[in-house]
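This report concerns only the one structure given below.
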Amino acid sequence: MTVFAQRAIRAAMKSVSQGNERLDFIDAGRGLAIVLALAAHAVQAFVIYRNDFGIVLRTAMPTLLVVFGAMIEIAYLSRLRTGRAKAAARQRMGARVVACMAGFALITLTEYFHDDRGLTRVIQSLFFLEIGRFGYILAYYAAWLLLAMAFLEPLLRWGAKGVIAAALGAWAISFAAMWAGLPDQYTLHWILGYGDVFGPGLLLALTFLSAGMLLGEALTGRGGWWPVWIVVALAVLTIGIDLVVSPRDYVGKLSGLYRRLNHPVYYAYGILAAFVWLALLARIDGWLRGGPQGAAAQTVRFGYRHLVLAGRQALFWYVAGNTALNFIPPFWHGPALGYLYAIAFMALLWVLSVDRARERSVIRWLSGGLFVALGAFWRAQVARAGTWLANRMPAIGS
């Protein structure tokens, strides 16, 4: 974090201390990550696995997970330490678990229409027995929220330190799994993060979560900035050593191979990229709060405002975008036409997101109120299911 970004962050945090539960630059960070994730998936759908911008697009998932960790501290733990009701927080977490798993199920089930994988393999993906296509970030969110519900008291007591300890344990388990030569089974690969199959592994991704929680504690004042700077220094050192030892095709390795291998450099690069994105957005936020004028300022304000909007509609972007992409059959357009299709798809998603946020939404008007009624019904059912889940989830350590 730069000195200027820290000043901007302190200004933004005043709104939190005054009762505002949103931090614009954090929402913008989530929005940027969602846009990058959907752009990566759109390129995969329309351009067929080209990796021209992989080193940038690969920062999407780490940024989403770091932001998620920061929000666990900012939106839940910091408020619970000031006397907020724990039962209400657990119900909110439960509702998010239900919403995330419903989104994951929809994305995974619609993969049936994408290719000839067959219904059996789609069902296996739904239960993490086979690799899926696009929905896994929602499964990470749901798993970690479930753990947060169960271990809420230890989280309140230990905060980021407890998650860091869990992440170190996850790395020990992953190395032990590689050393023991565990079988080539996808579920084990996904959970433990070993082998050349899938990344980030569910447990190893606690590395991103812990970095985000350290950032969240710095933002709320529970912790200092020095732990964040230590994480940045370790990330730079890890990348620097690996670059000296193995410099060949480094961009290509960062863009794909290191993620599949769950290589430590992937986690170092992901954390560093997430911090850089957030520092940049915090700086922009602080600059815009000063009320700059002119065409350049208006352009930056427009882009920033819509990144914040995307961040606040992250679940809509992710579920609607990936579900739509699953209905696109794989076929080759050539890079130029494929990228045009991907850009058009992202533009359409942006238009839908903007319209969804308007009071006089065209889609709501065309539906004759049907979407409004369905949305209200869905939110009520999610809240009810979240309450049911919270009431049955054990509270460990309380």
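By convention here, the chains of the structure tokens are called A, B, ... in the order presented, each chain's residues are numbered starting at 1, and ligands are numbered starting at 1 in the order presented.
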Taking a cut-off of 12 Å and counting only C-alpha atoms, can you build a table that, for each residue of stretch 141-166 of chain A near stretch 219-230 of chain A, reports the nearest atom pair and how far apart they are in Å (one decimal), sorted by chain then residue number, as JSON lines?
{"residue": "A:Leu156", "atom": "CA", "partner": "A:Arg222", "partner_atom": "CA", "distance": 11.1}
{"residue": "A:Arg157", "atom": "CA", "partner": "A:Arg222", "partner_atom": "CA", "distance": 11.5}
{"residue": "A:Trp158", "atom": "CA", "partner": "A:Arg222", "partner_atom": "CA", "distance": 11.1}
{"residue": "A:Gly159", "atom": "CA", "partner": "A:Arg222", "partner_atom": "CA", "distance": 9.3}
{"residue": "A:Ala160", "atom": "CA", "partner": "A:Gly223", "partner_atom": "CA", "distance": 9.3}
{"residue": "A:Lys161", "atom": "CA", "partner": "A:Pro227", "partner_atom": "CA", "distance": 10.4}
{"residue": "A:Ile164", "atom": "CA", "partner": "A:Pro227", "partner_atom": "CA", "distance": 11.5}
Query raised in the report: If we count only C-alpha atoms, what is near A:Thr108 at a cut-off of 8 Å, once residues fewer than 6 positions away on the same chain are taken out, given as a list in words?
Result: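 What passes the distance filter is Val122, Ser125, Leu126, Gly132, Arg133, Phe134 and Gly135 of chain A.
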Export, as an mmCIF file, in the first residue's frame, the selected residues with N, CA, C and O atoms.
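As a result, selection-v7.cif now contains:
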data_model
loop_
_atom_site.group_PDB
_atom_site.id
_atom_site.type_symbol
_atom_site.label_atom_id
_atom_site.label_comp_id
_atom_site.auth_asym_id
_atom_site.auth_seq_id
_atom_site.Cartn_x
_atom_site.Cartn_y
_atom_site.Cartn_z
ATOM 1 N N VAL A 122 -22.020 -33.901 -15.259
ATOM 2 C CA VAL A 122 -22.491 -32.643 -14.690
ATOM 3 C C VAL A 122 -22.891 -32.845 -13.228
ATOM 4 O O VAL A 122 -22.558 -32.038 -12.360
ATOM 5 N N SER A 125 -19.898 -33.083 -11.136
ATOM 6 C CA SER A 125 -19.326 -31.756 -10.887
ATOM 7 C C SER A 125 -20.079 -31.044 -9.780
ATOM 8 O O SER A 125 -19.486 -30.322 -8.973
ATOM 9 N N LEU A 126 -21.383 -31.250 -9.731
ATOM 10 C CA LEU A 126 -22.211 -30.604 -8.715
ATOM 11 C C LEU A 126 -21.807 -31.052 -7.313
ATOM 12 O O LEU A 126 -21.896 -30.283 -6.353
ATOM 13 N N GLY A 132 -15.539 -28.975 -12.794
ATOM 14 C CA GLY A 132 -16.587 -28.198 -13.435
ATOM 15 C C GLY A 132 -15.994 -27.123 -14.337
ATOM 16 O O GLY A 132 -14.812 -27.139 -14.673
ATOM 17 N N ARG A 133 -16.834 -26.134 -14.664
ATOM 18 C CA ARG A 133 -16.393 -25.136 -15.636
ATOM 19 C C ARG A 133 -16.164 -23.768 -15.002
ATOM 20 O O ARG A 133 -15.042 -23.278 -14.989
ATOM 21 N N PHE A 134 -17.214 -23.148 -14.456
ATOM 22 C CA PHE A 134 -17.086 -21.751 -14.069
ATOM 23 C C PHE A 134 -17.508 -21.416 -12.634
ATOM 24 O O PHE A 134 -17.269 -20.316 -12.188
ATOM 25 N N GLY A 135 -18.157 -22.291 -11.915
ATOM 26 C CA GLY A 135 -18.870 -21.865 -10.718
ATOM 27 C C GLY A 135 -18.131 -21.939 -9.399
ATOM 28 O O GLY A 135 -18.722 -21.650 -8.357
#
Query raised in the report: How many Å lie between atom CA of A:Thr387 and atom CA of A:Gln91, rounded to one decimal?
Result: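 Here the two named atoms are 4.9 Å from each other.
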Requested in this report: Check the smallest atom-to-atom distance from each of A:Pro264, A:Pro154, A:Gly256, A:Gly375 to A:Leu237 using only C-alpha atoms, then report the winner.
Outcome: A:Pro264
Name the residues in contact with stretch 353-357 of chain A at a cut-off of 12 Å, using only C-alpha atoms, excluding same-chain residues fewer than 5 positions from it; report them as a compact mmCIF listing (two decimals) with N, CA and C atoms, in the first residue's frame.
# COMPACT_ATOMS: atom_id res chain seq x y z
N GLY A 31 -15.75 -5.47 -7.90
CA GLY A 31 -16.29 -5.28 -9.25
C GLY A 31 -15.25 -5.51 -10.32
N VAL A 35 -15.38 -8.39 -13.20
CA VAL A 35 -15.25 -8.08 -14.63
C VAL A 35 -14.11 -8.88 -15.25
N ARG A 305 -17.46 4.49 -10.82
CA ARG A 305 -18.83 4.30 -10.33
C ARG A 305 -19.41 2.99 -10.82
N HIS A 306 -19.08 2.61 -12.04
CA HIS A 306 -19.64 1.36 -12.56
C HIS A 306 -18.89 0.14 -12.05
N LEU A 307 -17.62 0.30 -11.67
CA LEU A 307 -16.94 -0.80 -10.98
C LEU A 307 -17.57 -1.03 -9.60
N VAL A 308 -17.90 0.06 -8.90
CA VAL A 308 -18.59 -0.06 -7.61
C VAL A 308 -19.93 -0.76 -7.79
N LEU A 309 -20.66 -0.38 -8.84
CA LEU A 309 -21.96 -1.01 -9.12
C LEU A 309 -21.79 -2.50 -9.39
N ALA A 310 -20.78 -2.85 -10.19
CA ALA A 310 -20.53 -4.27 -10.47
C ALA A 310 -20.19 -5.02 -9.19
N GLY A 311 -19.42 -4.39 -8.31
CA GLY A 311 -19.07 -5.04 -7.05
C GLY A 311 -20.27 -5.29 -6.17
N ARG A 312 -21.23 -4.38 -6.19
CA ARG A 312 -22.43 -4.54 -5.38
C ARG A 312 -23.44 -5.48 -6.02
N GLN A 313 -23.23 -5.79 -7.29
CA GLN A 313 -24.07 -6.78 -7.97
C GLN A 313 -23.24 -7.99 -8.38
N ALA A 314 -22.23 -8.31 -7.58
CA ALA A 314 -21.28 -9.35 -7.96
C ALA A 314 -21.96 -10.69 -8.20
N LEU A 315 -22.91 -11.05 -7.35
CA LEU A 315 -23.57 -12.34 -7.51
C LEU A 315 -24.37 -12.38 -8.81
N PHE A 316 -25.05 -11.29 -9.14
CA PHE A 316 -25.78 -11.23 -10.41
C PHE A 316 -24.82 -11.37 -11.59
N TRP A 317 -23.75 -10.60 -11.59
CA TRP A 317 -22.78 -10.68 -12.68
C TRP A 317 -22.26 -12.11 -12.85
N TYR A 318 -21.87 -12.71 -11.75
CA TYR A 318 -21.21 -14.01 -11.84
C TYR A 318 -22.18 -15.10 -12.27
N ALA A 320 -25.41 -14.79 -13.64
CA ALA A 320 -26.04 -14.53 -14.94
C ALA A 320 -25.04 -14.68 -16.07
N GLY A 321 -23.84 -14.12 -15.89
CA GLY A 321 -22.84 -14.17 -16.95
C GLY A 321 -22.38 -15.58 -17.26
N MET A 346 -19.68 -8.80 -22.82
CA MET A 346 -19.41 -8.03 -21.61
C MET A 346 -20.21 -6.73 -21.62
N ALA A 347 -20.34 -6.11 -22.78
CA ALA A 347 -21.13 -4.87 -22.88
C ALA A 347 -22.60 -5.13 -22.56
N LEU A 348 -23.13 -6.25 -23.06
CA LEU A 348 -24.53 -6.59 -22.77
C LEU A 348 -24.73 -6.84 -21.28
N VAL A 362 -36.03 -1.00 -17.42
CA VAL A 362 -36.73 -1.45 -18.63
C VAL A 362 -37.15 -2.91 -18.50
N ILE A 363 -36.25 -3.73 -17.94
CA ILE A 363 -36.55 -5.16 -17.81
C ILE A 363 -37.73 -5.37 -16.86
N ARG A 364 -37.72 -4.65 -15.74
CA ARG A 364 -38.85 -4.78 -14.81
C ARG A 364 -40.15 -4.29 -15.44
N TRP A 365 -40.06 -3.23 -16.25
CA TRP A 365 -41.25 -2.71 -16.93
C TRP A 365 -41.77 -3.72 -17.95
N LEU A 366 -40.87 -4.31 -18.73
CA LEU A 366 -41.27 -5.29 -19.73
C LEU A 366 -41.87 -6.54 -19.09
N PHE A 371 -40.60 -9.87 -12.48
CA PHE A 371 -39.25 -9.99 -11.92
C PHE A 371 -39.19 -9.46 -10.50
N VAL A 372 -39.93 -8.39 -10.23
CA VAL A 372 -39.95 -7.83 -8.88
C VAL A 372 -40.54 -8.84 -7.90
N GLY A 375 -38.17 -11.78 -7.47
CA GLY A 375 -37.02 -11.39 -6.66
C GLY A 375 -37.37 -11.33 -5.18
Query raised in the report: Which residues come within 9 Å of A:Leu272, counting only C-alpha atoms, excluding same-chain residues fewer than 3 positions away, as a list in words?
Result: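 Non-adjacent residues within range: Val231, Val232, Ala235, Val236, Tyr267, Ala268, Tyr269, Phe275, Val276 and Trp277 of chain A.
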Query raised in the report: How many Å lie between atom CA of A:Ile343 and atom CA of A:Leu325, rounded to one decimal?
Result: 13.0 Å
Query raised in the report: If you run DSSP on this backbone, which residues of stretch 144-282 of chain A come out as helix (DSSP H, G or I), and could you give them as a PyMOL selection string?
Result: chain A and resi 144-150+152-158+160-180+186-192+206-220+226-245+250-261+264-282
What lies within 9 Å of stretch 67-75 of chain A using only C-alpha atoms, ignoring chain neighbours under 4 positions off, as an mmCIF file with all heavy atoms, in the first residue's frame?
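What ended up in result12.cif:
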data_model
loop_
_atom_site.group_PDB
_atom_site.id
_atom_site.type_symbol
_atom_site.label_atom_id
_atom_site.label_comp_id
_atom_site.auth_asym_id
_atom_site.auth_seq_id
_atom_site.Cartn_x
_atom_site.Cartn_y
_atom_site.Cartn_z
ATOM 1 N N VAL A 16 -17.383 4.374 7.406
ATOM 2 C CA VAL A 16 -17.675 3.148 8.136
ATOM 3 C C VAL A 16 -17.902 3.455 9.612
ATOM 4 O O VAL A 16 -18.833 2.947 10.243
ATOM 5 C CB VAL A 16 -16.533 2.122 7.968
ATOM 6 C CG1 VAL A 16 -16.775 0.894 8.806
ATOM 7 C CG2 VAL A 16 -16.410 1.733 6.502
ATOM 8 N N GLU A 21 -22.061 0.795 5.909
ATOM 9 C CA GLU A 21 -21.491 -0.547 5.861
ATOM 10 C C GLU A 21 -20.779 -0.832 4.543
ATOM 11 O O GLU A 21 -20.334 -1.945 4.326
ATOM 12 C CB GLU A 21 -22.595 -1.588 6.114
ATOM 13 C CG GLU A 21 -23.231 -1.439 7.480
ATOM 14 C CD GLU A 21 -23.810 -2.728 7.989
ATOM 15 O OE1 GLU A 21 -23.734 -3.733 7.262
ATOM 16 O OE2 GLU A 21 -24.337 -2.736 9.108
ATOM 17 N N ARG A 22 -20.662 0.162 3.655
ATOM 18 C CA ARG A 22 -20.014 -0.064 2.371
ATOM 19 C C ARG A 22 -18.738 0.765 2.289
ATOM 20 O O ARG A 22 -18.683 1.906 2.734
ATOM 21 C CB ARG A 22 -20.932 0.337 1.218
ATOM 22 C CG ARG A 22 -22.332 -0.218 1.245
ATOM 23 C CD ARG A 22 -22.436 -1.718 1.190
ATOM 24 N NE ARG A 22 -21.709 -2.354 0.128
ATOM 25 C CZ ARG A 22 -22.108 -3.506 -0.447
ATOM 26 N NH1 ARG A 22 -23.239 -4.079 -0.083
ATOM 27 N NH2 ARG A 22 -21.390 -4.080 -1.360
ATOM 28 N N ILE A 26 -13.478 -0.962 -1.846
ATOM 29 C CA ILE A 26 -13.557 -2.421 -1.715
ATOM 30 C C ILE A 26 -14.586 -2.973 -2.697
ATOM 31 O O ILE A 26 -14.347 -3.990 -3.372
ATOM 32 C CB ILE A 26 -13.923 -2.803 -0.265
ATOM 33 C CG1 ILE A 26 -12.776 -2.450 0.700
ATOM 34 C CG2 ILE A 26 -14.242 -4.291 -0.164
ATOM 35 C CD1 ILE A 26 -11.552 -3.318 0.587
ATOM 36 N N ASP A 27 -15.755 -2.320 -2.793
ATOM 37 C CA ASP A 27 -16.754 -2.736 -3.785
ATOM 38 C C ASP A 27 -16.182 -2.638 -5.188
ATOM 39 O O ASP A 27 -16.435 -3.509 -6.040
ATOM 40 C CB ASP A 27 -18.008 -1.871 -3.665
ATOM 41 C CG ASP A 27 -18.871 -2.243 -2.471
ATOM 42 O OD1 ASP A 27 -18.832 -3.425 -2.064
ATOM 43 O OD2 ASP A 27 -19.572 -1.370 -1.939
ATOM 44 N N GLY A 29 -13.046 -2.935 -5.996
ATOM 45 C CA GLY A 29 -12.112 -4.046 -6.155
ATOM 46 C C GLY A 29 -12.829 -5.343 -6.491
ATOM 47 O O GLY A 29 -12.388 -6.104 -7.359
ATOM 48 N N ARG A 30 -13.938 -5.598 -5.795
ATOM 49 C CA ARG A 30 -14.730 -6.779 -6.109
ATOM 50 C C ARG A 30 -15.289 -6.676 -7.531
ATOM 51 O O ARG A 30 -15.304 -7.655 -8.282
ATOM 52 C CB ARG A 30 -15.868 -6.936 -5.112
ATOM 53 C CG ARG A 30 -16.655 -8.241 -5.286
ATOM 54 C CD ARG A 30 -17.920 -8.278 -4.467
ATOM 55 N NE ARG A 30 -17.644 -8.216 -3.028
ATOM 56 C CZ ARG A 30 -17.911 -7.173 -2.260
ATOM 57 N NH1 ARG A 30 -18.455 -6.074 -2.775
ATOM 58 N NH2 ARG A 30 -17.653 -7.204 -0.972
ATOM 59 N N PRO A 62 -7.775 -14.522 -7.221
ATOM 60 C CA PRO A 62 -7.111 -14.089 -5.996
ATOM 61 C C PRO A 62 -7.691 -12.792 -5.430
ATOM 62 O O PRO A 62 -7.849 -12.664 -4.207
ATOM 63 C CB PRO A 62 -5.651 -13.902 -6.435
ATOM 64 C CG PRO A 62 -5.482 -14.821 -7.582
ATOM 65 C CD PRO A 62 -6.795 -14.795 -8.301
ATOM 66 N N THR A 63 -8.015 -11.838 -6.303
ATOM 67 C CA THR A 63 -8.571 -10.575 -5.826
ATOM 68 C C THR A 63 -9.933 -10.788 -5.177
ATOM 69 O O THR A 63 -10.237 -10.210 -4.121
ATOM 70 C CB THR A 63 -8.673 -9.564 -6.979
ATOM 71 O OG1 THR A 63 -7.380 -9.370 -7.552
ATOM 72 C CG2 THR A 63 -9.198 -8.229 -6.491
ATOM 73 N N ARG A 79 -17.927 -5.593 13.447
ATOM 74 C CA ARG A 79 -19.209 -5.136 13.988
ATOM 75 C C ARG A 79 -19.659 -6.000 15.168
ATOM 76 O O ARG A 79 -20.291 -5.498 16.095
ATOM 77 C CB ARG A 79 -20.253 -5.125 12.881
ATOM 78 C CG ARG A 79 -19.992 -3.992 11.895
ATOM 79 C CD ARG A 79 -20.981 -3.967 10.744
ATOM 80 N NE ARG A 79 -20.817 -2.720 10.021
ATOM 81 C CZ ARG A 79 -19.860 -2.494 9.125
ATOM 82 N NH1 ARG A 79 -18.986 -3.455 8.856
ATOM 83 N NH2 ARG A 79 -19.768 -1.337 8.507
ATOM 84 N N LEU A 80 -19.348 -7.265 15.115
ATOM 85 C CA LEU A 80 -19.691 -8.127 16.251
ATOM 86 C C LEU A 80 -18.904 -7.722 17.495
ATOM 87 O O LEU A 80 -19.400 -7.842 18.617
ATOM 88 C CB LEU A 80 -19.423 -9.586 15.906
ATOM 89 C CG LEU A 80 -20.392 -10.214 14.898
ATOM 90 C CD1 LEU A 80 -19.927 -11.607 14.510
ATOM 91 C CD2 LEU A 80 -21.800 -10.275 15.474
ATOM 92 N N TYR A 141 -16.805 -19.421 -1.372
ATOM 93 C CA TYR A 141 -17.521 -18.513 -0.479
ATOM 94 C C TYR A 141 -18.404 -19.288 0.495
ATOM 95 O O TYR A 141 -18.406 -19.016 1.699
ATOM 96 C CB TYR A 141 -18.409 -17.568 -1.296
ATOM 97 C CG TYR A 141 -17.698 -16.484 -2.054
ATOM 98 C CD1 TYR A 141 -18.402 -15.655 -2.925
ATOM 99 C CD2 TYR A 141 -16.339 -16.255 -1.903
ATOM 100 C CE1 TYR A 141 -17.778 -14.641 -3.622
ATOM 101 C CE2 TYR A 141 -15.702 -15.250 -2.604
ATOM 102 C CZ TYR A 141 -16.422 -14.442 -3.469
ATOM 103 O OH TYR A 141 -15.796 -13.439 -4.153
ATOM 104 N N LEU A 145 -17.912 -19.420 4.547
ATOM 105 C CA LEU A 145 -18.961 -18.841 5.392
ATOM 106 C C LEU A 145 -19.502 -19.883 6.368
ATOM 107 O O LEU A 145 -19.812 -19.560 7.522
ATOM 108 C CB LEU A 145 -20.082 -18.270 4.529
ATOM 109 C CG LEU A 145 -19.771 -16.922 3.861
ATOM 110 C CD1 LEU A 145 -20.839 -16.571 2.835
ATOM 111 C CD2 LEU A 145 -19.646 -15.810 4.902
ATOM 112 N N ALA A 148 -16.993 -20.023 9.017
ATOM 113 C CA ALA A 148 -17.081 -18.824 9.849
ATOM 114 C C ALA A 148 -18.267 -18.905 10.802
ATOM 115 O O ALA A 148 -18.172 -18.478 11.962
ATOM 116 C CB ALA A 148 -17.195 -17.582 8.967
ATOM 117 N N GLY A 159 -8.984 -13.743 15.041
ATOM 118 C CA GLY A 159 -8.961 -12.976 13.808
ATOM 119 C C GLY A 159 -8.055 -13.584 12.748
ATOM 120 O O GLY A 159 -8.018 -14.800 12.553
ATOM 121 N N ALA A 160 -7.286 -12.723 12.077
ATOM 122 C CA ALA A 160 -6.434 -13.169 10.978
ATOM 123 C C ALA A 160 -5.380 -14.165 11.441
ATOM 124 O O ALA A 160 -4.984 -15.057 10.674
ATOM 125 C CB ALA A 160 -5.770 -11.968 10.312
ATOM 126 N N LEU A 206 -7.043 -20.555 1.704
ATOM 127 C CA LEU A 206 -7.043 -19.816 2.963
ATOM 128 C C LEU A 206 -5.892 -18.819 3.017
ATOM 129 O O LEU A 206 -5.929 -17.851 3.788
ATOM 130 C CB LEU A 206 -6.956 -20.776 4.147
ATOM 131 C CG LEU A 206 -8.199 -21.625 4.440
ATOM 132 C CD1 LEU A 206 -7.874 -22.702 5.463
ATOM 133 C CD2 LEU A 206 -9.348 -20.748 4.926
ATOM 134 N N PHE A 208 -5.136 -16.724 0.592
ATOM 135 C CA PHE A 208 -5.742 -15.478 0.123
ATOM 136 C C PHE A 208 -6.664 -14.889 1.194
ATOM 137 O O PHE A 208 -6.675 -13.680 1.420
ATOM 138 C CB PHE A 208 -6.538 -15.725 -1.158
ATOM 139 C CG PHE A 208 -5.718 -16.120 -2.342
ATOM 140 C CD1 PHE A 208 -6.063 -17.213 -3.122
ATOM 141 C CD2 PHE A 208 -4.590 -15.393 -2.705
ATOM 142 C CE1 PHE A 208 -5.324 -17.576 -4.223
ATOM 143 C CE2 PHE A 208 -3.830 -15.743 -3.806
ATOM 144 C CZ PHE A 208 -4.198 -16.842 -4.570
ATOM 145 N N LEU A 209 -7.444 -15.752 1.818
ATOM 146 C CA LEU A 209 -8.389 -15.288 2.835
ATOM 147 C C LEU A 209 -7.657 -14.617 3.988
ATOM 148 O O LEU A 209 -8.069 -13.551 4.485
ATOM 149 C CB LEU A 209 -9.215 -16.465 3.350
ATOM 150 C CG LEU A 209 -10.348 -16.119 4.318
ATOM 151 C CD1 LEU A 209 -11.460 -15.386 3.599
ATOM 152 C CD2 LEU A 209 -10.900 -17.375 4.981
ATOM 153 N N SER A 210 -6.554 -15.214 4.440
ATOM 154 C CA SER A 210 -5.810 -14.648 5.564
ATOM 155 C C SER A 210 -5.197 -13.303 5.191
ATOM 156 O O SER A 210 -5.172 -12.369 6.014
ATOM 157 C CB SER A 210 -4.729 -15.625 6.033
ATOM 158 O OG SER A 210 -3.791 -15.890 5.009
ATOM 159 N N ALA A 211 -4.701 -13.166 3.952
ATOM 160 C CA ALA A 211 -4.163 -11.877 3.511
ATOM 161 C C ALA A 211 -5.258 -10.817 3.501
ATOM 162 O O ALA A 211 -5.035 -9.669 3.926
ATOM 163 C CB ALA A 211 -3.554 -12.008 2.118
ATOM 164 N N GLY A 212 -6.442 -11.204 3.043
ATOM 165 C CA GLY A 212 -7.555 -10.264 3.050
ATOM 166 C C GLY A 212 -7.968 -9.867 4.451
ATOM 167 O O GLY A 212 -8.306 -8.706 4.708
ATOM 168 N N MET A 213 -7.945 -10.817 5.381
ATOM 169 C CA MET A 213 -8.313 -10.501 6.763
ATOM 170 C C MET A 213 -7.284 -9.579 7.413
ATOM 171 O O MET A 213 -7.642 -8.690 8.198
ATOM 172 C CB MET A 213 -8.498 -11.784 7.567
ATOM 173 C CG MET A 213 -9.759 -12.541 7.191
ATOM 174 S SD MET A 213 -10.118 -13.922 8.304
ATOM 175 C CE MET A 213 -10.487 -13.036 9.831
ATOM 176 N N LEU A 214 -5.996 -9.771 7.101
ATOM 177 C CA LEU A 214 -4.992 -8.835 7.594
ATOM 178 C C LEU A 214 -5.269 -7.419 7.087
ATOM 179 O O LEU A 214 -5.160 -6.442 7.836
ATOM 180 C CB LEU A 214 -3.589 -9.272 7.155
ATOM 181 C CG LEU A 214 -2.944 -10.418 7.919
ATOM 182 C CD1 LEU A 214 -1.620 -10.802 7.269
ATOM 183 C CD2 LEU A 214 -2.725 -10.056 9.384
ATOM 184 N N LEU A 215 -5.632 -7.330 5.813
ATOM 185 C CA LEU A 215 -5.985 -6.029 5.253
ATOM 186 C C LEU A 215 -7.221 -5.457 5.945
ATOM 187 O O LEU A 215 -7.263 -4.263 6.294
ATOM 188 C CB LEU A 215 -6.235 -6.164 3.752
ATOM 189 C CG LEU A 215 -6.682 -4.893 3.022
ATOM 190 C CD1 LEU A 215 -5.619 -3.801 3.129
ATOM 191 C CD2 LEU A 215 -6.992 -5.200 1.560
ATOM 192 N N GLY A 216 -8.232 -6.309 6.159
ATOM 193 C CA GLY A 216 -9.438 -5.860 6.835
ATOM 194 C C GLY A 216 -9.153 -5.356 8.235
ATOM 195 O O GLY A 216 -9.719 -4.340 8.681
ATOM 196 N N GLU A 217 -8.263 -6.034 8.958
ATOM 197 C CA GLU A 217 -7.922 -5.602 10.317
ATOM 198 C C GLU A 217 -7.157 -4.282 10.297
ATOM 199 O O GLU A 217 -7.330 -3.447 11.196
ATOM 200 C CB GLU A 217 -7.112 -6.689 11.017
ATOM 201 C CG GLU A 217 -7.952 -7.917 11.360
ATOM 202 C CD GLU A 217 -7.172 -8.969 12.129
ATOM 203 O OE1 GLU A 217 -5.936 -8.819 12.264
ATOM 204 O OE2 GLU A 217 -7.803 -9.948 12.588
ATOM 205 N N LEU A 219 -7.648 -1.973 8.046
ATOM 206 C CA LEU A 219 -8.660 -0.972 7.694
ATOM 207 C C LEU A 219 -9.544 -0.603 8.876
ATOM 208 O O LEU A 219 -9.922 0.558 9.046
ATOM 209 C CB LEU A 219 -9.531 -1.498 6.549
ATOM 210 C CG LEU A 219 -8.863 -1.621 5.178
ATOM 211 C CD1 LEU A 219 -9.780 -2.323 4.200
ATOM 212 C CD2 LEU A 219 -8.478 -0.258 4.640
ATOM 213 N N THR A 220 -9.886 -1.582 9.697
ATOM 214 C CA THR A 220 -10.775 -1.318 10.829
ATOM 215 C C THR A 220 -10.033 -0.842 12.066
ATOM 216 O O THR A 220 -10.658 -0.433 13.050
ATOM 217 C CB THR A 220 -11.580 -2.576 11.197
ATOM 218 O OG1 THR A 220 -10.677 -3.650 11.516
ATOM 219 C CG2 THR A 220 -12.484 -3.011 10.048
ATOM 220 N N ALA A 274 -3.754 -8.397 -5.959
ATOM 221 C CA ALA A 274 -4.960 -7.924 -5.270
ATOM 222 C C ALA A 274 -4.663 -6.654 -4.484
ATOM 223 O O ALA A 274 -5.443 -5.682 -4.523
ATOM 224 C CB ALA A 274 -5.491 -9.014 -4.339
ATOM 225 N N LEU A 278 -6.287 -2.916 -5.171
ATOM 226 C CA LEU A 278 -7.019 -2.215 -4.111
ATOM 227 C C LEU A 278 -6.344 -0.887 -3.755
ATOM 228 O O LEU A 278 -7.030 0.106 -3.485
ATOM 229 C CB LEU A 278 -7.137 -3.106 -2.877
ATOM 230 C CG LEU A 278 -8.073 -4.312 -3.037
ATOM 231 C CD1 LEU A 278 -7.958 -5.248 -1.845
ATOM 232 C CD2 LEU A 278 -9.518 -3.864 -3.208
#
